[in-house]
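So this one's data-v4.tsv, TSV, C-alpha atoms:
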```
chain	number	residue	atom	x	y	z
A	1	MET	CA	8.04	-70.76	10.59
A	2	ALA	CA	7.59	-67.45	8.88
A	3	GLU	CA	4.27	-67.09	10.64
A	4	ASN	CA	5.90	-67.88	13.99
A	5	ALA	CA	8.62	-65.30	13.28
A	6	GLU	CA	6.00	-62.61	12.55
A	7	ARG	CA	4.20	-63.45	15.77
A	8	SER	CA	7.45	-63.33	17.71
A	9	GLU	CA	8.34	-59.95	16.16
A	10	GLY	CA	4.91	-58.57	16.99
A	11	THR	CA	5.24	-59.83	20.53
A	12	LEU	CA	8.61	-58.13	20.97
A	13	HIS	CA	7.26	-54.70	19.95
A	14	LYS	CA	3.95	-54.85	21.77
A	15	PRO	CA	4.02	-52.45	24.75
A	16	SER	CA	3.22	-53.88	28.14
A	17	PRO	CA	0.20	-52.65	30.12
A	18	LYS	CA	2.56	-51.04	32.66
A	19	SER	CA	4.39	-48.99	30.00
A	20	ILE	CA	1.07	-47.83	28.56
A	21	GLU	CA	-0.04	-46.73	32.00
A	22	ARG	CA	3.24	-44.84	32.59
A	23	GLU	CA	2.89	-42.95	29.25
A	24	LYS	CA	-0.70	-42.07	30.08
A	25	GLN	CA	0.32	-40.64	33.45
A	26	ALA	CA	3.15	-38.64	31.85
A	27	MET	CA	0.77	-37.09	29.32
A	28	GLU	CA	-1.69	-36.17	32.05
A	29	GLU	CA	1.04	-34.56	34.13
A	30	GLU	CA	2.50	-32.56	31.18
A	31	PRO	CA	1.00	-29.02	31.11
A	32	ILE	CA	-1.07	-28.25	28.05
A	33	GLU	CA	-0.50	-24.76	26.59
A	34	ASP	CA	-3.61	-22.60	26.43
A	35	LEU	CA	-4.68	-22.48	22.77
A	36	SER	CA	-6.18	-19.05	23.24
A	37	SER	CA	-2.69	-17.66	23.81
A	38	LEU	CA	-1.70	-18.96	20.38
A	39	LEU	CA	-4.77	-17.70	18.54
A	40	LEU	CA	-5.30	-14.38	20.29
A	41	PRO	CA	-2.54	-11.79	20.67
A	42	ASN	CA	-1.70	-10.31	24.03
A	43	PRO	CA	-3.31	-6.83	24.16
A	44	ASN	CA	-0.17	-5.51	25.84
A	45	ASP	CA	1.88	-6.51	22.78
A	46	LEU	CA	-0.32	-4.67	20.27
A	47	PRO	CA	0.76	-1.23	18.98
A	48	GLN	CA	-1.22	1.72	20.27
A	49	ASN	CA	-2.00	2.80	16.69
A	50	PRO	CA	-2.18	-0.18	14.29
A	51	PRO	CA	-0.90	0.53	10.75
A	52	THR	CA	-3.43	1.55	8.13
A	53	ALA	CA	-3.82	-0.36	4.86
A	54	VAL	CA	-1.72	2.29	3.12
A	55	GLU	CA	1.05	2.07	5.71
A	56	PHE	CA	1.02	-1.73	5.59
A	57	ASN	CA	1.01	-2.16	1.80
A	58	PHE	CA	2.98	0.82	0.50
A	59	SER	CA	6.26	2.63	0.97
A	60	ARG	CA	5.38	6.32	1.27
A	61	TYR	CA	7.43	9.05	-0.40
A	62	PHE	CA	6.84	12.79	-0.76
A	63	LEU	CA	7.81	15.65	-3.05
A	64	PRO	CA	7.32	19.00	-1.31
A	65	ASP	CA	7.09	22.12	-3.48
A	66	PHE	CA	7.07	20.04	-6.68
A	67	THR	CA	7.56	22.54	-9.55
A	68	LYS	CA	5.98	25.32	-7.41
A	69	PRO	CA	5.87	26.30	-3.72
A	70	GLY	CA	3.10	24.51	-1.82
A	71	HIS	CA	2.55	21.92	-4.55
A	72	ASP	CA	3.21	18.93	-2.30
A	73	GLN	CA	2.56	15.49	-3.78
A	74	TYR	CA	3.04	11.92	-2.67
A	75	ILE	CA	4.16	8.69	-4.31
A	76	TYR	CA	2.99	5.51	-2.61
A	77	ARG	CA	5.01	2.65	-4.03
A	78	HIS	CA	3.80	-0.95	-3.87
A	79	ALA	CA	6.19	-3.92	-3.74
A	80	ASN	CA	5.22	-4.77	-7.35
A	81	GLY	CA	6.58	-1.41	-8.52
A	82	LEU	CA	3.27	0.38	-9.09
A	83	CYS	CA	3.17	3.98	-7.85
A	84	VAL	CA	0.04	5.73	-6.60
A	85	ILE	CA	0.17	9.50	-7.12
A	86	GLY	CA	-1.81	12.09	-5.20
A	87	LEU	CA	-1.95	15.33	-3.25
A	88	ALA	CA	0.02	15.36	-0.02
A	89	GLN	CA	-1.57	16.50	3.19
A	90	ALA	CA	-0.06	19.99	3.08
A	91	HIS	CA	-0.82	20.72	-0.59
A	92	VAL	CA	-1.87	24.33	-0.97
A	93	ALA	CA	-5.19	23.41	-2.64
A	94	LEU	CA	-6.30	21.48	0.43
A	95	LYS	CA	-5.58	24.48	2.64
A	96	GLU	CA	-7.84	26.88	0.78
A	97	GLU	CA	-11.24	27.69	2.19
A	98	GLY	CA	-13.68	25.13	0.84
A	99	GLY	CA	-10.84	22.95	-0.47
A	100	VAL	CA	-11.03	21.31	-3.89
A	101	THR	CA	-14.30	21.86	-5.73
A	102	ALA	CA	-13.60	20.33	-9.16
A	103	VAL	CA	-11.13	18.05	-10.95
A	104	ASP	CA	-10.45	18.19	-14.70
A	105	PHE	CA	-8.40	15.48	-16.42
A	106	ASN	CA	-8.55	17.30	-19.76
A	107	VAL	CA	-5.05	18.73	-19.72
A	108	GLY	CA	-2.43	19.12	-22.41
A	109	LYS	CA	-3.43	17.49	-25.69
A	110	SER	CA	-5.59	14.70	-24.28
A	111	ASP	CA	-8.18	13.88	-21.66
A	112	ARG	CA	-6.45	11.55	-19.21
A	113	SER	CA	-9.80	10.11	-18.08
A	114	GLU	CA	-10.35	8.62	-21.54
A	115	LEU	CA	-7.27	6.43	-21.15
A	116	LYS	CA	-8.16	2.72	-21.43
A	117	VAL	CA	-5.29	0.35	-20.67
A	118	THR	CA	-5.91	-3.34	-21.41
A	119	GLY	CA	-4.21	-6.70	-20.96
A	120	LYS	CA	-1.07	-7.84	-19.20
A	121	ARG	CA	1.02	-5.89	-21.68
A	122	LYS	CA	-0.78	-2.67	-20.65
A	123	ARG	CA	-1.76	-1.76	-24.18
A	124	ASN	CA	-2.57	1.89	-24.81
A	125	ALA	CA	-0.63	2.99	-21.74
A	126	GLN	CA	0.78	6.45	-22.27
A	127	HIS	CA	4.33	7.31	-21.25
A	128	PHE	CA	4.94	10.55	-19.38
A	129	GLU	CA	7.77	12.52	-17.82
A	130	SER	CA	7.82	13.32	-14.11
A	131	ASN	CA	6.56	16.89	-14.72
A	132	SER	CA	3.77	15.87	-17.14
A	133	ALA	CA	0.31	17.05	-16.11
A	134	LEU	CA	-2.22	14.53	-14.84
A	135	CYS	CA	-5.12	16.80	-14.03
A	136	LYS	CA	-6.18	20.22	-12.85
A	137	VAL	CA	-7.73	20.63	-9.40
A	138	CYS	CA	-9.87	23.71	-8.85
A	139	THR	CA	-10.74	25.61	-5.71
A	140	ASN	CA	-13.11	28.52	-5.27
A	141	GLY	CA	-10.59	30.99	-6.66
A	142	ASN	CA	-7.64	29.09	-8.12
A	143	PHE	CA	-6.53	25.97	-9.94
A	144	TYR	CA	-3.46	23.78	-9.56
A	145	ILE	CA	-1.80	21.26	-11.86
A	146	VAL	CA	-1.16	17.79	-10.45
A	147	ARG	CA	1.83	16.09	-12.06
A	148	CYS	CA	3.14	12.55	-12.56
A	149	CYS	CA	6.08	12.97	-10.14
A	150	VAL	CA	7.88	9.99	-11.68
A	151	LYS	CA	8.65	9.06	-15.29
A	152	GLY	CA	6.61	6.05	-16.36
A	153	SER	CA	3.49	4.59	-17.97
A	154	LEU	CA	0.15	5.99	-16.89
A	155	LEU	CA	-2.07	2.98	-16.19
A	156	GLU	CA	-5.09	4.57	-14.57
A	157	VAL	CA	-6.58	7.81	-13.35
A	158	ASN	CA	-9.14	8.03	-10.59
A	159	ASP	CA	-12.12	9.24	-12.63
A	160	ARG	CA	-14.29	9.15	-9.51
A	161	LEU	CA	-12.80	12.55	-8.77
A	162	ILE	CA	-14.72	14.04	-11.71
A	163	LYS	CA	-18.05	13.50	-9.94
A	164	GLN	CA	-16.66	13.42	-6.40
A	165	PRO	CA	-13.87	16.01	-6.28
A	166	ARG	CA	-14.28	16.45	-2.55
A	167	LEU	CA	-12.71	13.04	-2.01
A	168	LEU	CA	-9.49	15.01	-2.20
A	169	ASN	CA	-10.53	17.01	0.83
A	170	SER	CA	-11.59	14.04	2.94
A	171	SER	CA	-9.27	11.20	1.85
A	172	ALA	CA	-6.59	12.38	-0.57
A	173	ASP	CA	-4.30	9.57	0.60
A	174	ARG	CA	-6.88	6.82	-0.01
A	175	GLU	CA	-10.03	7.05	-2.17
A	176	GLY	CA	-8.90	10.47	-3.39
A	177	TYR	CA	-5.71	9.30	-5.11
A	178	VAL	CA	-5.14	10.82	-8.55
A	179	ALA	CA	-3.43	8.18	-10.70
A	180	ILE	CA	-1.42	4.95	-10.89
A	181	ILE	CA	1.88	4.92	-12.75
A	182	MET	CA	4.34	2.14	-13.52
A	183	PRO	CA	7.91	3.45	-13.78
A	184	LYS	CA	10.83	1.42	-15.05
A	185	GLN	CA	13.14	0.26	-12.29
A	186	GLY	CA	15.97	2.46	-13.55
A	187	ASP	CA	13.77	5.57	-13.63
A	188	TRP	CA	12.54	4.86	-10.12
A	189	LEU	CA	16.06	4.50	-8.75
A	190	LYS	CA	17.03	7.84	-10.31
A	191	ILE	CA	14.52	9.76	-8.21
A	192	LYS	CA	14.17	7.63	-5.09
A	193	ASP	CA	16.98	9.33	-3.17
A	194	SER	CA	15.52	12.77	-3.87
A	195	LEU	CA	12.20	11.91	-2.20
A	196	LEU	CA	11.30	12.46	1.45
A	197	SER	CA	10.10	9.74	3.76
A	198	TYR	CA	6.82	10.19	5.60
A	199	GLU	CA	8.65	11.00	8.84
A	200	ASP	CA	10.82	13.65	7.17
A	201	TYR	CA	7.84	15.16	5.37
A	202	VAL	CA	5.68	15.61	8.47
A	203	LYS	CA	8.65	17.18	10.27
A	204	LEU	CA	9.22	19.56	7.35
A	205	ARG	CA	5.60	20.66	7.32
A	206	GLY	CA	5.11	20.59	11.08
A	207	LEU	CA	2.35	18.01	10.92
A	208	LEU	CA	3.35	16.05	14.03
```

Full structure transcribed into structure tokens:
Amino acid sequence: MAENAERSEGTLHKPSPKSIEREKQAMEEEPIEDLSSLLLPNPNDLPQNPPTAVEFNFSRYFLPDFTKPGHDQYIYRHANGLCVIGLAQAHVALKEEGGVTAVDFNVGKSDRSELKVTGKRKRNAQHFESNSALCKVCTNGNFYIVRCCVKGSLLEVNDRLIKQPRLLNSSADREGYVAIIMPKQGDWLKIKDSLLSYEDYVKLRGLL
């Protein structure tokens, strides 16, 4: 009897040939969305100037005239709290004829390029104030001190600049960055409101 019941149950739920045919016709009549429209964006919806890697990954802040007139620097802050420090577009050194010709990390009492930070705990990281010197950039007739901009632990300097100082002239906001600093959250919040956004900075310097 159990076997007969199973057969009866199976018979009740088995679709008829007519219902199968009706479902098939409905599927054929239903419009199928073009997969290309899902995979490929509409060119008309794309921005005219796509964001760069820096614009996409960092919040950009600027300090014009930091410690001295014309000493413009930037802080690019990642979501993880790390801050990339460098020369802003209108820094006086980049305006001189020939631009930057040399970079020296031997400032103060130590050579910043000899810093070796290791491990997750960032051992050997040095702690600096916002006005502490990171390096000295030289032009044909002058030199300028680049500073930390934010209080924190110095994790890395871009020692490529020692052999390739002209990276500052060609890509100061990318390969020509100067250093990476990790500030404490409280120290970052203390200075954040005093910084300029990218939009405000370019208006201030007439770079639009």

Write out as JSON an axis-aligned box for stretch 94-100 of chain A: all of its atoms listed in the file, 5 Å added on each side, centre and edge lengths in Å with one decimal.
```
{"center_x": -9.6, "center_y": 24.5, "center_z": -0.6, "size_x": 18.1, "size_y": 16.4, "size_z": 16.5}
```

Distance in Å - atom CA of A:Gln126 versus atom CA of A:Gly81: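 Distance between the two atoms: 16.9 Å.
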
Atomic separation - atom CA of A:Asp159 relative to atom CA of A:Val202, Å: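 One can read the atom CA of A:Val202 to atom CA of A:Asp159 distance as 28.3 Å.
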
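In this model, the gap between atom CA of A:Lys184 and atom CA of A:Gln73 comes to 19.8 Å.
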
Which residue of A:Val150, A:Ala93, A:Leu87, A:Ala172 approaches A:Ser194 most closely, using all atoms listed in the file: A:Val150

A:Arg160 surroundings by only C-alpha atoms, 9 Å radius, close-in-sequence under 5 positions cut, as a PyMOL selection string: chain A and resi 165+167+175-176
